[in-house]
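*Asks:* What follows is upload_39.txt, compact mmCIF, C-alpha atoms.
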```
# COMPACT_ATOMS: atom_id res chain seq x y z
CA MET A 34 67.76 177.89 42.65
CA ALA A 35 66.85 177.72 46.34
CA GLY A 36 63.20 177.94 45.42
CA ASP A 37 63.52 174.76 43.36
CA TRP A 38 63.93 172.73 46.57
CA TRP A 39 60.39 173.78 47.51
CA ALA A 40 58.86 173.00 44.12
CA PRO A 41 55.80 170.77 44.66
CA ILE A 42 55.82 167.17 43.40
CA CYS A 43 52.65 165.33 42.45
CA ALA A 44 53.90 161.80 41.83
CA TYR A 45 51.23 159.49 43.23
CA CYS A 46 47.62 158.70 42.56
CA GLU A 47 46.29 159.74 45.97
CA ARG A 48 47.66 163.31 45.75
CA SER A 49 45.25 165.73 44.06
CA ASP A 50 46.57 169.01 45.52
CA PRO A 51 49.80 170.33 47.12
CA GLY A 52 48.35 170.29 50.64
CA PHE A 53 50.19 168.72 53.60
CA TRP A 54 47.52 166.08 54.20
CA ALA A 55 46.72 165.33 50.55
CA GLU A 56 48.09 161.75 50.86
CA PRO A 57 46.84 160.52 54.24
CA VAL A 58 46.87 156.81 53.35
CA ASN A 59 50.31 156.96 51.77
CA ALA A 60 51.64 158.98 54.70
CA LEU A 61 50.17 156.84 57.49
CA SER A 62 51.15 153.56 55.84
CA ASN A 63 54.76 154.44 56.66
CA GLY A 64 53.95 153.33 60.16
CA ALA A 65 54.68 149.83 58.83
CA PHE A 66 58.38 150.73 58.66
CA LEU A 67 58.33 151.91 62.28
CA ALA A 68 56.65 148.67 63.34
CA ALA A 69 59.21 146.62 61.37
CA SER A 70 62.05 148.58 62.96
CA ALA A 71 60.69 148.04 66.47
CA ALA A 72 60.18 144.32 65.80
CA VAL A 73 63.76 143.85 64.54
CA VAL A 74 65.28 145.72 67.48
CA TRP A 75 63.14 143.73 69.92
CA ARG A 76 64.20 140.42 68.35
CA ILE A 77 67.89 141.36 68.48
CA ARG A 78 67.66 142.64 72.06
CA ARG A 79 66.16 139.30 73.11
CA SER A 80 69.12 137.45 71.65
CA GLU A 81 72.13 136.57 73.75
CA ARG A 82 74.44 137.84 71.01
CA SER A 83 74.58 141.49 70.04
CA ASP A 84 74.36 142.27 66.33
CA GLY A 85 75.46 145.83 65.62
CA PRO A 86 75.04 145.79 61.82
CA ALA A 87 71.50 144.40 62.11
CA LEU A 88 70.62 146.98 64.77
CA LEU A 89 71.84 149.69 62.41
CA LEU A 90 69.64 148.31 59.62
CA GLY A 91 66.73 148.22 62.07
CA ALA A 92 67.29 151.88 62.88
CA LEU A 93 67.47 152.67 59.16
CA MET A 94 64.01 151.13 58.72
CA ALA A 95 62.60 153.77 61.05
CA VAL A 96 64.46 156.51 59.15
CA VAL A 97 63.03 155.14 55.89
CA GLY A 98 59.53 155.44 57.32
CA LEU A 99 60.08 158.96 58.64
CA GLY A 100 61.66 160.13 55.39
CA SER A 101 58.84 158.69 53.33
CA PHE A 102 56.30 160.32 55.67
CA LEU A 103 57.95 163.68 55.03
CA PHE A 104 57.78 163.18 51.29
CA HIS A 105 54.14 162.09 51.25
CA THR A 106 53.09 165.08 53.36
CA LEU A 107 55.34 167.95 52.24
CA ALA A 108 55.77 166.60 48.67
CA VAL A 109 58.56 168.98 47.68
CA ARG A 110 61.95 168.32 46.11
CA TRP A 111 64.05 168.37 49.28
CA SER A 112 61.68 165.92 50.99
CA LEU A 113 62.19 163.58 48.05
CA LEU A 114 65.83 163.30 49.18
CA ALA A 115 64.61 162.46 52.68
CA ASP A 116 62.67 159.62 51.07
CA VAL A 117 65.25 158.11 48.71
CA ILE A 118 68.54 158.52 50.64
CA PRO A 119 67.61 156.27 53.61
CA ILE A 120 66.35 153.61 51.20
CA ALA A 121 69.63 153.74 49.27
CA LEU A 122 71.60 153.50 52.52
CA PHE A 123 69.63 150.42 53.57
CA ILE A 124 70.05 148.69 50.19
CA HIS A 125 73.79 149.26 49.97
CA GLY A 126 74.32 148.58 53.67
CA TYR A 127 72.56 145.26 53.28
CA VAL A 128 74.64 144.36 50.21
CA LEU A 129 77.80 145.04 52.24
CA LEU A 130 76.49 142.93 55.13
CA VAL A 131 75.56 140.06 52.79
CA LEU A 132 79.00 140.00 51.20
CA ARG A 133 80.66 139.98 54.61
CA ARG A 134 78.34 137.67 56.51
CA PHE A 135 77.01 135.22 53.92
CA PHE A 136 80.04 134.99 51.65
CA GLY A 137 82.87 135.79 54.05
CA LEU A 138 84.49 138.55 52.01
CA GLY A 139 87.02 140.82 53.67
CA LEU A 140 86.10 144.44 54.28
CA ALA A 141 88.05 145.88 51.33
CA PRO A 142 86.70 143.51 48.62
CA ALA A 143 83.20 143.77 50.08
CA LEU A 144 83.36 147.57 49.90
CA LEU A 145 84.64 147.45 46.32
CA ALA A 146 81.86 145.06 45.31
CA THR A 147 79.26 147.29 47.01
CA LEU A 148 80.59 150.33 45.15
CA ALA A 149 80.42 148.37 41.89
CA PHE A 150 76.80 147.49 42.69
CA ALA A 151 76.06 151.17 43.37
CA ALA A 152 77.64 152.17 40.05
CA PHE A 153 75.53 149.57 38.25
CA GLY A 154 72.41 150.91 39.92
CA PHE A 155 73.15 154.53 39.05
CA GLY A 156 73.99 153.66 35.47
CA LEU A 157 71.12 151.28 34.75
CA GLU A 158 68.37 153.85 34.19
CA PRO A 159 70.38 156.10 31.80
CA ALA A 160 71.47 152.98 29.89
CA LEU A 161 67.87 151.78 29.54
CA ASP A 162 66.77 155.28 28.50
CA ALA A 163 69.43 155.33 25.78
CA LEU A 164 68.55 151.81 24.66
CA THR A 165 64.79 152.34 24.43
CA GLY A 166 64.77 156.03 23.54
CA ARG A 167 62.15 156.58 26.25
CA SER A 168 62.16 157.57 29.91
CA THR A 169 62.05 154.36 31.93
CA GLU A 170 61.35 156.43 35.04
CA VAL A 171 58.08 157.61 33.50
CA LEU A 172 57.21 154.19 32.10
CA THR A 173 57.75 152.43 35.42
CA ASN A 174 56.72 155.26 37.75
CA GLY A 175 60.30 155.32 39.08
CA SER A 176 60.32 151.61 39.98
CA VAL A 177 63.21 150.81 37.63
CA ALA A 178 65.56 152.20 40.30
CA TYR A 179 64.81 149.14 42.45
CA LEU A 180 65.56 146.58 39.73
CA PRO A 181 69.25 146.20 40.76
CA ALA A 182 68.15 145.38 44.31
CA ILE A 183 65.88 142.58 43.08
CA LEU A 184 68.61 141.22 40.82
CA ALA A 185 71.12 141.30 43.68
CA LEU A 186 68.68 139.60 46.04
CA ALA A 187 67.97 136.82 43.55
CA GLY A 188 71.70 136.42 42.89
CA VAL A 189 72.52 136.10 46.59
CA ALA A 190 69.75 133.53 47.05
CA ALA A 191 71.04 131.52 44.09
CA GLY A 192 74.57 131.66 45.47
CA LEU A 193 73.47 130.38 48.86
CA LEU A 194 71.45 127.56 47.30
CA ARG A 195 74.30 126.23 45.16
CA PRO A 196 75.12 122.61 46.15
CA GLN A 197 78.68 123.61 47.04
CA ALA A 198 77.37 126.32 49.38
CA CYS A 199 74.66 124.14 50.92
CA ALA A 200 77.29 121.51 51.68
CA LEU A 201 78.93 124.00 54.05
CA GLY A 202 75.92 123.88 56.36
CA PRO A 203 72.10 123.96 56.50
CA ALA A 204 72.07 127.64 57.49
CA ARG A 205 73.08 128.63 53.96
CA ALA A 206 70.24 126.74 52.33
CA GLU A 207 67.78 128.11 54.89
CA ALA A 208 68.94 131.68 54.22
CA GLY A 209 68.79 131.11 50.45
CA ARG A 210 65.21 129.87 50.59
CA ALA A 211 64.19 132.76 52.84
CA LEU A 212 65.74 135.29 50.45
CA LEU A 213 63.90 133.74 47.50
CA TRP A 214 60.57 134.22 49.27
CA ILE A 215 61.55 137.77 50.19
CA ALA A 216 62.52 138.45 46.56
CA ALA A 217 59.06 137.26 45.48
CA LEU A 218 57.45 139.60 48.03
CA PHE A 219 59.66 142.42 46.78
CA CYS A 220 58.53 141.77 43.19
CA LEU A 221 54.89 141.95 44.30
CA SER A 222 55.42 145.18 46.24
CA LEU A 223 57.32 146.73 43.34
CA THR A 224 54.52 145.77 40.94
CA LEU A 225 52.01 147.56 43.17
CA ARG A 226 54.27 150.61 43.28
CA THR A 227 54.50 150.63 39.47
CA LEU A 228 50.73 150.32 39.00
CA ASP A 229 49.87 153.22 41.33
CA ARG A 230 49.12 155.88 38.72
CA ALA A 231 47.75 153.49 36.10
CA ILE A 232 45.06 152.27 38.47
CA CYS A 233 43.88 155.79 39.44
CA PRO A 234 40.77 155.77 37.21
CA VAL A 235 39.33 152.76 39.05
CA TRP A 236 40.95 153.16 42.50
CA PRO A 237 41.60 156.82 43.45
CA LEU A 238 43.70 155.91 46.48
CA GLY A 239 46.20 154.09 44.28
CA THR A 240 48.43 151.23 45.38
CA HIS A 241 51.46 153.05 46.75
CA ALA A 242 50.43 152.48 50.36
CA LEU A 243 50.53 148.73 49.73
CA TRP A 244 54.11 149.17 48.49
CA HIS A 245 54.95 150.72 51.88
CA VAL A 246 53.38 147.90 53.88
CA LEU A 247 54.84 145.06 51.81
CA ASN A 248 58.23 146.72 51.53
CA ALA A 249 58.37 147.09 55.30
CA GLY A 250 57.91 143.31 55.38
CA VAL A 251 60.75 142.96 52.86
CA LEU A 252 63.17 145.01 54.98
CA PHE A 253 62.13 143.13 58.12
CA GLY A 254 62.61 139.77 56.42
CA LEU A 255 66.01 140.72 55.01
CA THR A 256 67.35 141.85 58.36
CA LEU A 257 65.89 138.91 60.27
CA THR A 258 67.45 136.49 57.78
CA ALA A 259 70.87 138.01 58.41
CA VAL A 260 70.32 137.83 62.17
CA ARG A 261 69.27 134.19 62.08
CA TYR A 262 72.19 133.27 59.84
CA ARG A 263 74.67 134.74 62.30
CA ARG A 264 72.87 133.22 65.28
CA ARG A 265 73.26 129.74 63.81
CA GLY A 266 77.00 130.25 63.73
CA ALA A 267 77.26 130.02 59.93
```
Show this structure as structure tokens.
*Replies:*
Amino acid sequence: MAGDWWAPICAYCERSDPGFWAEPVNALSNGAFLAASAAVVWRIRRSERSDGPALLLGALMAVVGLGSFLFHTLAVRWSLLADVIPIALFIHGYVLLVLRRFFGLGLAPALLATLAFAAFGFGLEPALDALTGRSTEVLTNGSVAYLPAILALAGVAAGLLRPQACALGPARAEAGRALLWIAALFCLSLTLRTLDRAICPVWPLGTHALWHVLNAGVLFGLTLTAVRYRRRGA
């Protein structure tokens, strides 16, 4: 069983062998997450108000980049966990922050709602597999796992742009519009992630590196939106 953790994984177009440096573009493109992390921390440090939750998300961006670098170099089963766990922590941490900061929920109901979101995310892929009779992970190159995040992001944006919400202050409408643009960028980055293996015959490097770069922009935009919302005293 222990040996299974070291089983090689060939999941992306660029990788043609199990070597450490078989995905140089995919590996190095994770530098975008480190740059996004540094930019967020710098922006928060310049502010007169400290923002602990946003700083934590900024640190998680760097962990996302390092974990993904491990996976795209070592490409074994345990390094896959180093890739997906930090991403899951960022997604669910941001959902919790949104519920608290944008919608004013108390800690207990926000935690319960975040757990419900996590349960929906974990159950979505098996439900789709049962419904279609096919592996959605194979069909979408694993991108179906990010569908709940897009749905949640669109839902939050819609909630902030409701007339009743906008009437509570311009910061809500501004945050809602920003999240809509970020959701569009997320859709584009997820499309590129999904197309990675399909495009191999015409572009051997694939498109996964573009997913890294654009997704770093998504995480940066999400965190900065939360920072600006709090700074405006909403």
*Asks:* Rounded to one decimal, what separation in Å do you get between atom CA of Val73 of chain A and atom CA of Cys220 of chain A?
*Replies:* 22.1 Å
*Asks:* Where does segment 75-145 of chain A meet segment 170-187 of chain A within 10 Å, residue by residue, with the nearest atom pair and distance in Å to one decimal for each, counting all atoms listed in the file, listed by chain and rising number, as a tab-separated table?
*Replies:*
```
residue	atom	partner	partner_atom	distance
A:Ile120	CA	A:Tyr179	CA	9.9
A:Ala121	CA	A:Tyr179	CA	9.5
A:Ile124	CA	A:Ala182	CA	7.0
A:His125	CA	A:Ala182	CA	8.9
A:Tyr127	CA	A:Leu186	CA	10.0
A:Val128	CA	A:Ala185	CA	8.0
A:Val131	CA	A:Leu186	CA	9.6
```
*Asks:* List the spatial neighbours of Leu103 of chain A as an MDAnalysis selection string - criterion: any atom at most 8 Å away, only C-alpha atoms, same-chain residues fewer than 6 positions off excluded.
*Replies:* chainID A and resid 60 112 115:116
*Asks:* Those selected residues, please, written with C-alpha atoms and delivered as a compact mmCIF listing (two decimals), in the coordinates of the input.
*Replies:*
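Everything below was put into again_20.txt:
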```txt
# COMPACT_ATOMS: atom_id res chain seq x y z
CA ALA A 60 51.64 158.98 54.70
CA SER A 112 61.68 165.92 50.99
CA ALA A 115 64.61 162.46 52.68
CA ASP A 116 62.67 159.62 51.07
```
*Asks:* Would you list the residues near (51.8, 149.7, 48.6) (no more than 9 Å away, in the coordinates of the file, using only C-alpha atoms) as JSON, numbers by chain?
*Replies:* {"A": [59, 62, 222, 223, 225, 226, 229, 239, 240, 241, 242, 243, 244, 245, 246, 247, 248]}
